[in-house]
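Following: one structure in structure tokens, then a few remarks.
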Amino acid sequence: MRTQDEAMVAEPTETAPLIPGGEPNENLTSPIGSDSDRVSSAGWSKDAARTATLATVFLILYAFADVARYIAVVRLLELGICREEYLRDSDSPDILAGGSGFIPEHLCKSPEIQQRLAHLRGYLASLEAVVGLLLTLPYGLVVDRLGERFIASLNVIGYVLSCVWLAVVCHYWTVFPVWVAVLSPLFRVIGGGTPTYTSVIYAMTSRRVPAENRSLVFFVFTGGQIMATIVSILVTAWFLDQELLFAPILLSIPLGFLCLVSLALIRPQATVAKVVAYDCESELEEGERSTLIGTLRQSCDIVTQLFKDRRVVVLLAAVPLAKLNTPMTELTLQYIPEKFDLSIASASRVLSVKAFESLVLMIVVLPLLQKVGQIRFHVSSFRMDLYITQYSFLIQAIGCFLMAFAQAFYLFIIALQSVITDLVSPRHVAVLYTVIAVADGVAAAAGALALNRAFAMVIKWNVQLCLGFPFLIGAVCCMVGFIGTVLVGRHTISKRSA
């Protein structure tokens with residue numbers, strides 16, 4: 001009579017990885033695989049709860065600082081461009097009288113200023129994405145040696161330094177031209193940028209929390225970030241109304257310190273290099289495994305295994321399409337003032353309403369749907385995540401076509417990540433999230449540059465009806481993502497049913 005573990009290995013289930021290891025009974029012999037099984041069957045441990053809680057705190061603090069920084073930077077860049085335009089205009093000699101350099105926002109809404117602002121925002125976001133894209137893989141290779149907490153700490157330090165650079169350039173506007181602010185992402189070479197910290201935090205949590213609760217934890221992560229976004233938007237809007245333009249950026253210093261404290265409280269765990277060593281099928285010697293070349297070969301072997309499954313390839317291709325939500329959300333901060341003649345502070349408050357609606361969906365509606373689907377209708381967590389991914393793509397496409405804000409902005413990327421994770425071996429999670437981070441960087445770099453250039457182009461046309469053209473681009477991308485995930489879902493469900 002077979003044991004329960006043997007039955008799980010022999011027969012595929014809804015939660016079993018679809019990419020097997022090198023040996024038929026690898027999960028039985030590998031000590032890492034045994035740990036994963038024990039975590040899944042035993043439920044929550046103290047270490048898992050501690051890690052999930054502290055990771056949530058870290059993401060909340062980081063999100064609060066990042067949203068405040070971005071809103072303030074948009075206004076500061078607009079002010080810097082406005083100064084340069086008025087300094088070149090001999091008909092407006094008194095606009096900068098007094099030496100403070102402050103210009104009321106309503107005087108900075110000319111098409112020329114808004115075009116330059118769109119271009120600078122695009123360059124800033126693209127450079128930040130390129131830095132993350134180029135450094136995600138190198139940091140992914142050394143994270144096993146340096147530790148996840150150390151890499152995340154470096155990332156926080158690089159982020160704070162980039163904020164300090166923005167504040168210095170914008171404050172000393174008589175010394176630095178405004179375009180120099182675009183170079184701030186270069187400081188994020190320290191730590192690898194946004195994709196690196198995201199992949200590190202999610203991979204670290206994925207290995208410690210129970211597999212059946214992983215998607216729920218990811219939703220809690222995003223729910224906490226949305227809550228931080230709402231509060232950050234309202235606080236930053238108040239600062240802008242009070243003309244305290246630098247306060248939101250300087251908040252990154254104490255918030256960064258708190259992020260470091262939360263990372264320090266997470267207990268270290270065995271590095272992913274040990275996990276990869278058990279799973280790699282190459283014949284590397286023990287000494288070679290300790291070298292960077294050995295680590296690179298092992299990671300390449302895992303990436304090759306991931307790409308053998310066409311479903312994983314299609315879903316990974318859908319990640320950049322889903323990540324276009326980030327540049328589209330950032331674009332709305334300039335789109336709303338241009339379209340409806342509002343201030344940046346007022347536009348940010350509009351975004352807080354959308355974020356609040358998404359928060360309700362995240363922490364109430366979707367978890368409830370998942371519980372009802374799994375308990376009452378016996379729908380697996382994999383299918384629930386797949387359905388959320390598919391229909392969120394569709395809702396997003398419809399929302400973009402209507403020039404509105406689809407409520408799937410913060411939802412389906414988490415479900416999409418969970419679906420991809422379910423398709424691979426638990427021992428490949430770290431490399432998988434590195435690949436996802438690379439896809440994230442591609443979308444952020446190309447999406448930000450393309451959408452902002454498109455917006456600058458339609459501003460030049462001076463036709464109000466055409467201002468939503470970038471959202472039409474997003475709608476087409478979301479429809480492509482919807483079609484891809486539907487095809488993957490049908491293939492996967494039919495294969496599992498057979």
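As shown in the structure tokens, the chain order sets the letters A, B, ...; within each chain, residues go from 1, and ligands are also counted from 1 in the order they appear.
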
(Q) Can you pull out the residues contacting A:Trp179? Cut-off 12 Å, using only C-alpha atoms, and skip same-chain residues under 2 positions away; I want them as a list of chain:residue names. (A)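 Listed by chain and then number, they are A:Leu76, A:Leu77, A:Glu78, A:Gly80, A:Ile81, A:Glu84, A:Arg116, A:Leu117, A:His119, A:Leu120, A:Arg121, A:Gly122, A:Tyr123, A:Leu124, A:Leu166, A:Val169, A:Cys170, A:Trp173, A:Val175, A:Phe176, A:Pro177, A:Ala181, A:Val182, A:Leu183, A:Ser184.
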
Residues within 8 Å of A:Leu451, only C-alpha atoms, excluding chain neighbours under 5 positions, as a short mmCIF file (atom, residue, chain, number, x, y, z; two decimals) with all heavy atoms, in the first residue's frame:
data_model
loop_
_atom_site.label_atom_id
_atom_site.label_comp_id
_atom_site.auth_asym_id
_atom_site.auth_seq_id
_atom_site.Cartn_x
_atom_site.Cartn_y
_atom_site.Cartn_z
N GLY A 122 9.12 59.96 -19.20
CA GLY A 122 9.41 58.73 -19.92
C GLY A 122 10.86 58.32 -19.79
O GLY A 122 11.16 57.13 -19.56
N PRO A 327 3.21 51.87 -15.93
CA PRO A 327 3.36 53.14 -16.67
C PRO A 327 2.03 53.79 -17.02
O PRO A 327 1.95 55.02 -17.10
CB PRO A 327 4.13 52.72 -17.93
CG PRO A 327 3.97 51.26 -18.05
CD PRO A 327 3.84 50.74 -16.65
N MET A 328 0.96 52.99 -17.21
CA MET A 328 -0.34 53.61 -17.49
C MET A 328 -0.87 54.35 -16.27
O MET A 328 -1.46 55.43 -16.39
CB MET A 328 -1.34 52.54 -17.95
CG MET A 328 -1.17 52.14 -19.40
SD MET A 328 -2.58 51.22 -20.06
CE MET A 328 -2.51 49.73 -19.08
N LEU A 331 1.05 57.48 -16.00
CA LEU A 331 0.65 58.43 -17.04
C LEU A 331 -0.61 59.20 -16.65
O LEU A 331 -0.76 60.37 -17.00
CB LEU A 331 0.43 57.68 -18.35
CG LEU A 331 -0.01 58.52 -19.55
CD1 LEU A 331 1.05 59.56 -19.91
CD2 LEU A 331 -0.30 57.63 -20.75
N PRO A 470 -2.74 56.77 -25.63
CA PRO A 470 -1.90 55.77 -24.97
C PRO A 470 -2.70 54.65 -24.31
O PRO A 470 -2.23 53.51 -24.24
CB PRO A 470 -1.12 56.59 -23.92
CG PRO A 470 -1.11 57.98 -24.47
CD PRO A 470 -2.43 58.14 -25.16
N ILE A 473 -3.45 51.89 -26.70
CA ILE A 473 -2.31 50.97 -26.82
C ILE A 473 -2.35 49.94 -25.70
O ILE A 473 -2.16 48.73 -25.92
CB ILE A 473 -0.99 51.76 -26.79
CG1 ILE A 473 -0.91 52.74 -27.95
CG2 ILE A 473 0.20 50.81 -26.80
CD1 ILE A 473 0.32 53.62 -27.94
#

(Q) I'd like to know which of A:Ala355, A:Val431, A:Met479, A:Ile233 is closest to A:Asp301, using only C-alpha atoms. (A) A:Val431

(Q) To one decimal place in Å, what is the distance between atom CA of A:Thr229 and atom CA of A:Ala68? (A)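 Rounded to one decimal, the two atoms are 8.3 Å apart.
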
Q.
Please compute the atom CA of A:Ile459-atom CA of A:Pro337 distance, one decimal, in Å.
A.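 Interatomic distance here is 12.3 Å.
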
Q: Tell me, in Å to one decimal, how far atom CA of A:Leu368 is from atom CA of A:Ser206.
A: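 Atom CA of A:Ser206 lies 21.5 Å from atom CA of A:Leu368.
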
Q: Find, counting only C-alpha atoms, the residue in A:Gly140, A:Gly484, A:Pro104, A:Pro111 that gets nearest to A:Ala317.
A: A:Gly484

Q.
Just want the 6 Å neighbourhood of A:Cys259, counted on only C-alpha atoms, with same-chain residues fewer than 3 positions away dropped. Output as JSON, numbers by chain.
A. {"A": [58, 256, 262]}

Same residues, all heavy atoms, output as a PDB file, in the first residue's frame:
ATOM      1  N   PHE A  58       7.482  45.602   5.175  1.00  0.00           N
ATOM      2  CA  PHE A  58       8.497  46.150   4.277  1.00  0.00           C
ATOM      3  C   PHE A  58       7.859  46.706   3.009  1.00  0.00           C
ATOM      4  O   PHE A  58       8.156  47.836   2.582  1.00  0.00           O
ATOM      5  CB  PHE A  58       9.509  45.061   3.925  1.00  0.00           C
ATOM      6  CG  PHE A  58      10.531  45.478   2.897  1.00  0.00           C
ATOM      7  CD1 PHE A  58      11.704  46.094   3.293  1.00  0.00           C
ATOM      8  CD2 PHE A  58      10.321  45.251   1.548  1.00  0.00           C
ATOM      9  CE1 PHE A  58      12.650  46.481   2.350  1.00  0.00           C
ATOM     10  CE2 PHE A  58      11.249  45.636   0.597  1.00  0.00           C
ATOM     11  CZ  PHE A  58      12.415  46.247   1.002  1.00  0.00           C
ATOM     12  N   GLY A 256      12.991  54.534   4.723  1.00  0.00           N
ATOM     13  CA  GLY A 256      14.028  53.578   4.341  1.00  0.00           C
ATOM     14  C   GLY A 256      14.680  52.927   5.551  1.00  0.00           C
ATOM     15  O   GLY A 256      14.976  51.723   5.545  1.00  0.00           O
ATOM     16  N   SER A 262      12.809  46.249   9.398  1.00  0.00           N
ATOM     17  CA  SER A 262      11.938  45.105   9.133  1.00  0.00           C
ATOM     18  C   SER A 262      12.702  43.956   8.491  1.00  0.00           C
ATOM     19  O   SER A 262      12.452  42.780   8.790  1.00  0.00           O
ATOM     20  CB  SER A 262      10.776  45.534   8.228  1.00  0.00           C
ATOM     21  OG  SER A 262      11.237  45.922   6.948  1.00  0.00           O
TER      22      SER A 262
END

Q.
Give me the residues near stretch 128-137 of chain A as an MDAnalysis selection string, where near means some atom within 12 Å (using only C-alpha atoms) and where sequence neighbours in that chain fewer than 6 positions away do not count.
A. chainID A and resid 121:122 143 151 155 158:159 162 181:200 295:296 299:300 303 323 326:327 430:449

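The closest residue to A:Pro268, picked from A:Thr205, A:Gln115, A:Ser358, A:Ser380 and counting only C-alpha atoms, is A:Thr205.
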
Q: Using only C-alpha atoms, determine which residues lie at most 12 Å from A:Val231, disregarding the query and same-chain residues fewer than 6 positions distant; provide the list as a PyMOL selection string.
A: chain A and resi 60-61+63-65+67-68+224-225+237-238+348-349+351-353+355-356+359

Go ahead and write the residues just picked, N, CA, C and O atoms, as a CSV table (one decimal), in the first residue's frame.
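So the final result, stored in selection-v2.csv, reads:
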chain,number,residue,atom,x,y,z
A,60,ILE,N,4.8,47.7,2.5
A,60,ILE,CA,3.9,48.8,2.8
A,60,ILE,C,4.8,50.1,2.9
A,60,ILE,O,4.5,51.1,2.3
A,61,LEU,N,5.9,50.0,3.7
A,61,LEU,CA,6.7,51.2,3.9
A,61,LEU,C,7.3,51.6,2.5
A,61,LEU,O,7.4,52.8,2.2
A,63,ALA,N,6.2,51.0,-0.5
A,63,ALA,CA,5.2,51.6,-1.4
A,63,ALA,C,4.8,53.0,-1.0
A,63,ALA,O,4.6,53.8,-1.9
A,64,PHE,N,4.7,53.2,0.3
A,64,PHE,CA,4.3,54.6,0.8
A,64,PHE,C,5.4,55.6,0.3
A,64,PHE,O,5.1,56.6,-0.3
A,65,ALA,N,6.7,55.2,0.5
A,65,ALA,CA,7.7,56.1,0.1
A,65,ALA,C,7.8,56.3,-1.4
A,65,ALA,O,8.0,57.4,-1.9
A,67,VAL,N,5.4,56.0,-3.8
A,67,VAL,CA,4.3,56.8,-4.3
A,67,VAL,C,4.4,58.2,-4.0
A,67,VAL,O,4.2,59.1,-4.9
A,68,ALA,N,4.8,58.5,-2.8
A,68,ALA,CA,5.0,59.9,-2.4
A,68,ALA,C,6.1,60.6,-3.2
A,68,ALA,O,6.0,61.7,-3.7
A,224,GLY,N,-1.9,45.5,1.2
A,224,GLY,CA,-1.2,46.4,2.0
A,224,GLY,C,-0.5,47.5,1.3
A,224,GLY,O,-0.5,48.7,1.7
A,225,GLN,N,0.0,47.2,0.1
A,225,GLN,CA,0.6,48.2,-0.8
A,225,GLN,C,-0.5,49.2,-1.3
A,225,GLN,O,-0.2,50.4,-1.4
A,237,ALA,N,-0.6,64.8,-1.4
A,237,ALA,CA,-1.5,65.9,-1.9
A,237,ALA,C,-1.6,67.0,-1.0
A,237,ALA,O,-1.6,68.2,-1.4
A,238,TRP,N,-1.6,66.7,0.3
A,238,TRP,CA,-1.7,67.8,1.3
A,238,TRP,C,-0.4,68.6,1.3
A,238,TRP,O,-0.4,69.8,1.4
A,348,SER,N,-4.0,63.3,-8.0
A,348,SER,CA,-3.6,62.2,-7.2
A,348,SER,C,-4.7,61.8,-6.3
A,348,SER,O,-4.8,60.6,-6.0
A,349,ARG,N,-5.6,62.7,-5.8
A,349,ARG,CA,-6.7,62.3,-5.0
A,349,ARG,C,-7.7,61.5,-5.8
A,349,ARG,O,-8.3,60.6,-5.2
A,351,LEU,N,-6.8,59.4,-8.1
A,351,LEU,CA,-6.2,58.1,-8.1
A,351,LEU,C,-6.5,57.3,-6.8
A,351,LEU,O,-6.5,56.1,-6.7
A,352,SER,N,-6.5,58.1,-5.7
A,352,SER,CA,-6.8,57.4,-4.4
A,352,SER,C,-8.1,56.8,-4.3
A,352,SER,O,-8.3,55.7,-3.6
A,353,VAL,N,-9.1,57.3,-5.0
A,353,VAL,CA,-10.5,56.7,-5.0
A,353,VAL,C,-10.4,55.4,-5.7
A,353,VAL,O,-10.9,54.4,-5.3
A,355,ALA,N,-7.8,53.5,-6.0
A,355,ALA,CA,-7.0,52.6,-5.2
A,355,ALA,C,-7.8,52.1,-4.1
A,355,ALA,O,-7.7,50.9,-3.7
A,356,PHE,N,-8.7,52.9,-3.5
A,356,PHE,CA,-9.6,52.4,-2.4
A,356,PHE,C,-10.5,51.3,-2.9
A,356,PHE,O,-10.8,50.3,-2.3
A,359,LEU,N,-8.6,48.2,-3.2
A,359,LEU,CA,-8.3,47.7,-1.9
A,359,LEU,C,-9.5,46.8,-1.4
A,359,LEU,O,-9.3,45.7,-0.9

Q: Could you tell me which of A:Asn452, A:Thr485, A:Thr56, A:Gln374 comes closest to A:Glu212 if we count only C-alpha atoms?
A: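 For A:Glu212, the nearest of the candidates is A:Gln374.
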